[in-house]
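Visitor: PDB, C-alpha atoms, saved as work.pdb, coming up:
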MODEL        1
ATOM      1  CA  MET H   1       5.689  31.727  33.785
ATOM      2  CA  PRO H   2       7.927  29.697  31.390
ATOM      3  CA  ASP H   3      10.264  27.365  33.287
ATOM      4  CA  ASN H   4      14.018  27.225  32.948
ATOM      5  CA  LYS H   5      14.324  23.941  31.080
ATOM      6  CA  VAL H   6      14.860  25.589  27.701
ATOM      7  CA  GLN H   7      15.521  29.038  26.352
ATOM      8  CA  PRO H   8      12.155  30.599  25.386
ATOM      9  CA  LEU H   9      11.524  30.378  21.657
ATOM     10  CA  GLU H  10       9.984  32.993  19.429
ATOM     11  CA  ILE H  11       6.242  32.441  19.147
ATOM     12  CA  LEU H  12       4.791  32.703  15.662
ATOM     13  CA  GLU H  13       1.241  33.897  15.090
ATOM     14  CA  VAL H  14      -0.401  32.240  12.087
ATOM     15  CA  GLY H  15      -3.131  34.209  10.344
ATOM     16  CA  PRO H  16      -4.293  35.389   6.925
ATOM     17  CA  GLN H  17      -0.990  37.212   6.447
ATOM     18  CA  ASN H  18       1.079  33.990   6.426
ATOM     19  CA  LEU H  19      -1.417  31.122   6.540
ATOM     20  CA  ASP H  20      -0.747  29.769   3.066
ATOM     21  CA  GLY H  21       2.936  29.200   3.798
ATOM     22  CA  GLU H  22       2.694  27.810   7.340
ATOM     23  CA  HIS H  23       1.962  24.399   8.799
ATOM     24  CA  LEU H  24      -0.860  24.280  11.327
ATOM     25  CA  CYS H  25       1.004  21.642  13.353
ATOM     26  CA  CYS H  26      -1.961  19.309  13.803
ATOM     27  CA  ALA H  27      -1.853  18.326  10.121
ATOM     28  CA  MET H  28       1.743  18.081   8.984
ATOM     29  CA  GLY H  29       1.727  15.057   6.687
ATOM     30  CA  THR H  30       2.696  15.212   3.038
ATOM     31  CA  ASP H  31       0.272  12.616   1.671
ATOM     32  CA  LYS H  32      -2.822  13.596  -0.306
ATOM     33  CA  ASP H  33      -5.222  13.166   2.629
ATOM     34  CA  SER H  34      -3.109  15.283   4.989
ATOM     35  CA  LYS H  35      -2.824  18.075   2.448
ATOM     36  CA  ALA H  36      -6.589  18.089   1.927
ATOM     37  CA  CYS H  37      -7.196  18.164   5.686
ATOM     38  CA  THR H  38      -4.758  21.055   6.068
ATOM     39  CA  LEU H  39      -6.553  23.099   3.426
ATOM     40  CA  THR H  40      -9.889  22.476   5.146
ATOM     41  CA  LYS H  41      -8.488  23.713   8.460
ATOM     42  CA  LYS H  42      -6.921  26.762   6.839
ATOM     43  CA  ASP H  43     -10.251  27.701   5.282
ATOM     44  CA  TRP H  44     -11.817  27.446   8.740
ATOM     45  CA  VAL H  45      -9.095  29.655  10.239
ATOM     46  CA  LYS H  46      -9.695  32.301   7.577
ATOM     47  CA  SER H  47     -13.406  32.315   8.422
ATOM     48  CA  VAL H  48     -12.959  32.824  12.184
ATOM     49  CA  TYR H  49      -9.926  35.109  12.252
ATOM     50  CA  PRO H  50     -12.079  38.260  11.906
ATOM     51  CA  GLN H  51     -13.886  37.243  15.122
ATOM     52  CA  GLY H  52     -10.637  37.492  17.078
ATOM     53  CA  TYR H  53      -9.339  33.955  16.635
ATOM     54  CA  ARG H  54      -5.579  33.533  17.109
ATOM     55  CA  PHE H  55      -3.223  30.627  16.383
ATOM     56  CA  TRP H  56       0.185  30.643  18.093
ATOM     57  CA  LYS H  57       2.889  28.042  17.573
ATOM     58  CA  LEU H  58       6.521  27.379  18.383
ATOM     59  CA  PRO H  59       9.152  26.534  15.730
ATOM     60  CA  VAL H  60       9.807  22.982  16.923
ATOM     61  CA  LYS H  61       9.416  19.483  15.540
ATOM     62  CA  GLY H  62       6.097  17.879  16.315
ATOM     63  CA  LYS H  63       3.181  19.847  17.703
ATOM     64  CA  ALA H  64       3.418  22.896  19.948
ATOM     65  CA  PHE H  65       0.538  25.287  19.405
ATOM     66  CA  LEU H  66      -2.356  27.055  21.084
ATOM     67  CA  GLU H  67      -5.580  28.440  19.632
ATOM     68  CA  ALA H  68      -7.591  31.203  21.314
ATOM     69  CA  ILE H  69     -10.734  33.190  20.573
ATOM     70  CA  PRO H  70     -13.034  35.577  22.488
ATOM     71  CA  ALA H  71     -15.526  33.425  24.375
ATOM     72  CA  GLU H  72     -18.484  35.105  22.689
ATOM     73  CA  ALA H  73     -17.224  33.722  19.357
ATOM     74  CA  ALA H  74     -16.021  30.353  20.684
ATOM     75  CA  TRP H  75     -17.201  27.184  18.981
ATOM     76  CA  CYS H  76     -18.124  25.834  22.386
ATOM     77  CA  PRO H  77     -21.385  26.133  24.384
ATOM     78  CA  ILE H  78     -20.159  28.367  27.194
ATOM     79  CA  GLN H  79     -21.289  31.570  28.853
ATOM     80  CA  ALA H  80     -18.219  33.738  29.436
ATOM     81  CA  PRO H  81     -18.617  37.268  28.031
ATOM     82  CA  GLY H  82     -15.397  39.238  28.149
ATOM     83  CA  TRP H  83     -13.197  36.167  28.597
ATOM     84  CA  LEU H  84     -10.604  34.668  26.245
ATOM     85  CA  PHE H  85     -11.348  31.035  25.409
ATOM     86  CA  LEU H  86      -8.322  28.778  24.997
ATOM     87  CA  ASP H  87      -9.261  26.314  22.313
ATOM     88  CA  CYS H  88      -7.053  23.515  21.000
ATOM     89  CA  PHE H  89      -3.786  23.391  23.003
ATOM     90  CA  TRP H  90      -1.325  20.723  21.957
ATOM     91  CA  VAL H  91       2.302  19.976  22.784
ATOM     92  CA  SER H  92       3.520  16.529  21.801
ATOM     93  CA  GLY H  93       6.509  14.438  20.820
ATOM     94  CA  SER H  94       9.959  15.775  21.703
ATOM     95  CA  GLY H  95       8.386  19.049  22.832
ATOM     96  CA  LYS H  96       6.873  17.534  25.966
ATOM     97  CA  GLY H  97       8.556  18.377  29.251
ATOM     98  CA  ARG H  98      10.548  21.250  27.800
ATOM     99  CA  GLY H  99       8.428  24.142  29.007
ATOM    100  CA  TYR H 100       6.799  24.825  25.637
ATOM    101  CA  GLY H 101       3.276  24.522  27.015
ATOM    102  CA  LEU H 102       4.004  27.024  29.758
ATOM    103  CA  GLN H 103       5.546  29.419  27.255
ATOM    104  CA  LEU H 104       2.467  29.292  25.036
ATOM    105  CA  LEU H 105       0.144  29.712  28.011
ATOM    106  CA  ASP H 106       2.157  32.658  29.304
ATOM    107  CA  HIS H 107       1.876  34.256  25.864
ATOM    108  CA  ALA H 108      -1.908  33.802  25.941
ATOM    109  CA  ILE H 109      -2.104  35.362  29.415
ATOM    110  CA  GLN H 110      -0.082  38.379  28.305
ATOM    111  CA  TYR H 111      -2.270  38.730  25.211
ATOM    112  CA  ALA H 112      -5.431  38.570  27.338
ATOM    113  CA  GLN H 113      -4.084  41.253  29.670
ATOM    114  CA  GLN H 114      -3.099  43.525  26.787
ATOM    115  CA  GLN H 115      -6.496  43.129  25.117
ATOM    116  CA  GLY H 116      -8.444  43.770  28.306
ATOM    117  CA  PHE H 117     -10.051  40.354  28.748
ATOM    118  CA  LEU H 118     -11.535  39.501  32.149
ATOM    119  CA  GLY H 119      -9.653  36.229  32.235
ATOM    120  CA  LEU H 120      -8.930  33.010  30.395
ATOM    121  CA  VAL H 121     -11.248  30.023  30.199
ATOM    122  CA  ALA H 122     -10.526  26.530  28.864
ATOM    123  CA  LEU H 123     -12.258  23.208  28.249
ATOM    124  CA  ALA H 124     -10.633  20.104  29.710
ATOM    125  CA  GLY H 125     -11.352  16.524  30.668
ATOM    126  CA  ASP H 126     -11.508  15.204  34.203
ATOM    127  CA  LYS H 127      -8.390  13.165  33.319
ATOM    128  CA  LYS H 128      -6.302  12.497  30.223
ATOM    129  CA  ARG H 129      -8.749  11.952  27.352
ATOM    130  CA  ALA H 130      -8.418  11.963  23.577
ATOM    131  CA  PHE H 131      -8.656  15.393  21.922
ATOM    132  CA  LEU H 132      -9.147  17.199  25.255
ATOM    133  CA  SER H 133      -6.642  19.252  27.219
ATOM    134  CA  GLU H 134      -5.474  17.850  30.527
ATOM    135  CA  GLY H 135      -7.042  19.795  33.364
ATOM    136  CA  GLY H 136      -4.096  19.159  35.650
ATOM    137  CA  PHE H 137      -1.825  21.327  33.521
ATOM    138  CA  TYR H 138      -4.186  24.280  33.731
ATOM    139  CA  LYS H 139      -4.777  23.823  37.460
ATOM    140  CA  LYS H 140      -1.046  23.862  38.181
ATOM    141  CA  ALA H 141      -0.914  27.178  36.327
ATOM    142  CA  GLY H 142      -3.604  28.683  38.589
ATOM    143  CA  PHE H 143      -6.843  27.852  36.778
ATOM    144  CA  VAL H 144      -9.800  26.877  38.962
ATOM    145  CA  LEU H 145     -12.841  24.735  38.255
ATOM    146  CA  ALA H 146     -15.705  26.962  37.104
ATOM    147  CA  ASP H 147     -18.263  24.367  35.957
ATOM    148  CA  THR H 148     -18.736  20.751  34.888
ATOM    149  CA  ALA H 149     -20.824  18.977  32.245
ATOM    150  CA  PRO H 150     -21.531  15.280  31.738
ATOM    151  CA  PRO H 151     -19.947  12.911  31.389
ATOM    152  CA  TYR H 152     -16.410  14.179  32.079
ATOM    153  CA  TYR H 153     -15.984  17.784  30.957
ATOM    154  CA  GLU H 154     -14.523  20.584  33.067
ATOM    155  CA  LEU H 155     -14.580  24.309  32.437
ATOM    156  CA  LEU H 156     -11.482  25.915  33.964
ATOM    157  CA  ALA H 157     -10.959  29.626  34.535
ATOM    158  CA  LEU H 158      -8.097  31.987  35.309
ATOM    159  CA  PRO H 159      -9.551  35.368  36.342
ATOM    160  CA  LEU H 160      -7.464  38.449  35.626
ATOM    161  CA  ARG H 161      -9.674  40.756  37.689
ATOM    162  CA  ASP H 162     -11.357  40.598  41.070
ATOM    163  CA  GLU H 163     -15.069  39.992  41.660
ATOM    164  CA  ILE H 164     -16.160  39.053  38.151
ATOM    165  CA  PRO H 165     -18.847  36.527  37.118
ATOM    166  CA  SER H 166     -17.555  32.998  36.721
ATOM    167  CA  PRO H 167     -17.812  31.299  33.296
ATOM    168  CA  SER H 168     -20.254  28.413  32.902
ATOM    169  CA  PHE H 169     -21.471  25.870  30.402
ATOM    170  CA  LEU H 170     -24.692  26.708  28.598
ATOM    171  CA  PRO H 171     -27.715  24.569  29.588
ATOM    172  CA  CYS H 172     -27.607  22.607  26.309
ATOM    173  CA  ALA H 173     -24.092  21.376  27.110
ATOM    174  CA  LYS H 174     -25.098  20.265  30.585
ATOM    175  CA  ALA H 175     -28.103  18.344  29.232
ATOM    176  CA  GLY H 176     -25.838  15.992  27.316
ATOM    177  CA  THR H 177     -28.609  14.149  25.461
ATOM    178  CA  ASP H 178     -30.347  14.249  22.094
ATOM    179  CA  SER H 179     -33.661  12.889  20.827
ATOM    180  CA  SER H 180     -32.338  11.250  17.649
ATOM    181  CA  SER H 181     -32.417   7.575  16.640
ATOM    182  CA  GLY H 182     -29.286   5.804  15.463
ATOM    183  CA  PHE H 183     -26.066   7.779  15.193
ATOM    184  CA  LEU H 184     -26.022  11.544  15.328
ATOM    185  CA  LEU H 185     -22.709  13.313  14.875
ATOM    186  CA  TYR H 186     -22.065  16.993  15.399
ATOM    187  CA  TYR H 187     -18.783  18.130  13.879
ATOM    188  CA  SER H 188     -16.910  21.093  12.462
ATOM    189  CA  CYS H 189     -13.794  21.763  10.425
ATOM    190  CA  HIS H 190     -12.108  23.158  13.523
ATOM    191  CA  CYS H 191     -10.203  19.875  13.500
ATOM    192  CA  PRO H 192      -8.733  19.155  10.066
ATOM    193  CA  TYR H 193      -9.315  15.426  10.319
ATOM    194  CA  THR H 194     -13.099  15.534  10.530
ATOM    195  CA  SER H 195     -13.169  16.201   6.788
ATOM    196  CA  LYS H 196     -11.385  12.893   6.262
ATOM    197  CA  TYR H 197     -13.075  10.621   8.780
ATOM    198  CA  VAL H 198     -16.700  11.756   8.865
ATOM    199  CA  PRO H 199     -17.475  10.530   5.307
ATOM    200  CA  LEU H 200     -15.765   7.215   6.109
ATOM    201  CA  LEU H 201     -17.894   6.752   9.231
ATOM    202  CA  GLN H 202     -21.049   7.603   7.301
ATOM    203  CA  ALA H 203     -20.199   5.004   4.657
ATOM    204  CA  GLU H 204     -19.484   2.354   7.290
ATOM    205  CA  ALA H 205     -22.789   2.991   9.072
ATOM    206  CA  GLU H 206     -24.625   2.801   5.749
ATOM    207  CA  ALA H 207     -22.953  -0.536   4.983
ATOM    208  CA  LEU H 208     -24.152  -1.823   8.365
ATOM    209  CA  ASN H 209     -27.637  -0.425   7.763
ATOM    210  CA  ILE H 210     -27.440   1.779  10.850
ATOM    211  CA  PRO H 211     -28.932   5.311  10.640
ATOM    212  CA  PHE H 212     -26.205   7.939  10.683
ATOM    213  CA  GLN H 213     -26.843  11.676  10.560
ATOM    214  CA  ALA H 214     -23.876  14.047  10.373
ATOM    215  CA  VAL H 215     -24.523  17.694  11.260
ATOM    216  CA  LYS H 216     -21.753  19.996  10.066
ATOM    217  CA  LEU H 217     -21.527  23.148  12.149
ATOM    218  CA  GLU H 218     -20.957  26.240  10.034
ATOM    219  CA  CYS H 219     -20.722  28.982  12.654
ATOM    220  CA  ALA H 220     -20.182  29.637  16.350
ATOM    221  CA  ASP H 221     -23.917  30.053  16.971
ATOM    222  CA  ASP H 222     -24.502  26.511  15.707
ATOM    223  CA  ALA H 223     -21.702  25.141  17.874
ATOM    224  CA  GLN H 224     -22.999  26.929  20.961
ATOM    225  CA  ASN H 225     -26.288  25.026  20.701
ATOM    226  CA  VAL H 226     -24.813  21.521  20.621
ATOM    227  CA  PRO H 227     -25.724  19.305  23.626
ATOM    228  CA  ASN H 228     -22.051  18.616  24.335
ATOM    229  CA  PRO H 229     -19.102  20.864  25.275
ATOM    230  CA  PHE H 230     -16.949  19.585  22.375
ATOM    231  CA  PRO H 231     -18.831  20.364  19.140
ATOM    232  CA  THR H 232     -15.722  19.670  17.064
ATOM    233  CA  PHE H 233     -16.754  15.999  17.229
ATOM    234  CA  ALA H 234     -19.638  14.844  19.425
ATOM    235  CA  LEU H 235     -21.097  11.414  18.601
ATOM    236  CA  PHE H 236     -24.459  10.274  19.980
ATOM    237  CA  PHE H 237     -26.422   7.035  19.631
ATOM    238  CA  ASN H 238     -30.162   6.915  20.347
ATOM    239  CA  GLY H 239     -29.787  10.242  22.126
ATOM    240  CA  SER H 240     -26.943   9.199  24.434
ATOM    241  CA  PHE H 241     -23.470  10.648  24.126
ATOM    242  CA  LEU H 242     -20.801   8.153  23.081
ATOM    243  CA  THR H 243     -17.496   9.894  22.479
ATOM    244  CA  ASN H 244     -15.657  13.051  21.489
ATOM    245  CA  GLU H 245     -12.750  11.063  20.006
ATOM    246  CA  ILE H 246     -12.428  11.447  16.247
ATOM    247  CA  LEU H 247     -12.725   7.824  15.208
ATOM    248  CA  SER H 248     -11.083   5.832  12.466
ATOM    249  CA  VAL H 249     -13.268   3.218  10.751
ATOM    250  CA  ASN H 250     -11.654   0.447  12.792
ATOM    251  CA  LYS H 251     -12.349   2.251  16.071
ATOM    252  CA  PHE H 252     -15.904   2.936  14.911
ATOM    253  CA  ARG H 253     -16.447  -0.771  14.245
ATOM    254  CA  LYS H 254     -15.098  -1.674  17.684
ATOM    255  CA  LEU H 255     -17.377   0.916  19.288
ATOM    256  CA  ILE H 256     -20.386  -0.667  17.578
ATOM    257  CA  GLU H 257     -19.339  -4.206  18.505
ATOM    258  CA  ASN H 258     -18.370  -3.498  22.110
ATOM    259  CA  ASN H 259     -21.655  -1.729  22.836
ATOM    260  CA  ASN H 260     -23.945  -3.926  20.696
ATOM    261  CA  LEU H 261     -25.160  -0.783  18.987
ATOM    262  CA  SER H 262     -26.488  -2.530  15.886
ATOM    263  CA  THR H 263     -29.146  -4.235  18.050
ATOM    264  CA  ARG H 264     -30.139  -1.129  20.021
ATOM    265  CA  LEU H 265     -31.933   0.940  17.438
ATOM    266  CA  THR H 266     -34.952   2.873  18.664
ATOM    267  CA  PRO H 267     -38.159   1.475  17.065
TER     268      PRO H 267
ENDMDL
END
Render the structure in this file as structure tokens.

Guide:
Amino acid sequence: MPDNKVQPLEILEVGPQNLDGEHLCCAMGTDKDSKACTLTKKDWVKSVYPQGYRFWKLPVKGKAFLEAIPAEAAWCPIQAPGWLFLDCFWVSGSGKGRGYGLQLLDHAIQYAQQQGFLGLVALAGDKKRAFLSEGGFYKKAGFVLADTAPPYYELLALPLRDEIPSPSFLPCAKAGTDSSSGFLLYYSCHCPYTSKYVPLLQAEAEALNIPFQAVKLECADDAQNVPNPFPTFALFFNGSFLTNEILSVNKFRKLIENNNLSTRLTP
């Protein structure tokens, strides 16, 4: 599947055997905050690796990596027993347009075939959206739409066998609402930057006297019961979903101002 734009590079698997000495690509800074975020992510990787989690990356500048895990252990509310769930998939910077994404995807397909998975399943947005894979890339590679969930999520599947059940979102993900008042945030340390930004958002909401509840997900079972397909960061207000984008304080303030959220608290 890799194209002919560049010579295929050796793919490195990052796990407990080499985790301490490897970058995880999504957190490569050298400042104090970046180092702390990296350690948080590495602790998360160590906790899920025994469940079949894998992290593959290419030795290039920028970000070129793919995470995968058996769907039964995925931190995502899906029903796909026997499938391999493609989690965070990121190629950026100078790596774009060089065939790195296709090389990583081809590696995942070969791994799924060798391990006897029924197919590969991935979460994407209906168009380019922050922190979500682009569905168009998967569709060009042969993935088909298996299910949708509000407001813009797609579940894409690449079967490796004939006549097998199609993956789907769990009912909680398709509901897309919550009964809370004020802000409710579901998050996990799957993304290293939640450990940095969630406390900042909590402090900002407190300063504005707006209720803010942050629910840290500690296991896949917790994540599979979140009323949104992206439990890594799912922000609600008065029960309605707002965004899956991991917000800085400035973006959080703009979100509040643009939607008049400070005046819309449930009595």

Visitor: List as a ChimeraX atom specification the protein and nucleic acid residues near range 106-120 of chain H, meaning an atom at most 12 Å away when only C-alpha atoms are counted, but skip any in the same chain fewer than 5 places from it.

Guide: /H:1-3,8-13,52-58,65-72,80-87,89,99-101,138,141-144,146,155-167

Visitor: Would you list the contacts of range 123-131 of chain H as a list in words, taking every protein, DNA or RNA residue within 6 Å and counting all atoms listed in the file, but skipping same-chain residues closer than 2 positions in sequence?

Guide: Ser133, Glu134, Gly135, Tyr152, Tyr153, Glu154, Leu155 and Glu245 of chain H

Visitor: Got a sec: who's within 10 Å of Thr232 in chain H, counting all atoms listed in the file, leaving out chain neighbours fewer than 3 positions off, as a list in words?

Guide: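 Answer for this query is Trp75, Cys76, Phe131, Leu185, Tyr186, Tyr187, Ser188, Cys189, His190, Cys191, Pro192, Thr194, Lys216, Leu217, Ala223, Val226, Asn228, Pro229, Leu235, Asn244, Glu245 and Ile246 of chain H.
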
Visitor: Rounded to one decimal place, report the CA of Gly21 in chain H-CA of Arg98 in chain H distance in Å.

Guide: 26.4 Å

Visitor: Using all atoms listed in the file for the distances, tell me which of H:Gln79, H:Ser34, H:Asn259, H:Ser195 is nearest to Leu242 in chain H.

Guide: H:Asn259

Visitor: For a cut-off of 10 Å around (-7.9, 24.0, 5.6), file coordinates, pick out all residues using only C-alpha atoms and list them as a list in words.

Guide: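 Residues with an atom at most 10 Å from (-7.9, 24.0, 5.6): Leu19, Asp20, Leu24, Ala27, Ser34, Lys35, Ala36, Cys37, Thr38, Leu39, Thr40, Lys41, Lys42, Asp43, Trp44, Val45, Lys46, Cys189, His190, Cys191, Pro192, Tyr193 and Ser195 of chain H.
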
Visitor: Rounded to one decimal, what separation in Å do you get between CA of Lys196 in chain H and CA of Val249 in chain H?

Guide: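 Result for CA of Lys196 in chain H versus CA of Val249 in chain H: 10.8 Å, one decimal.
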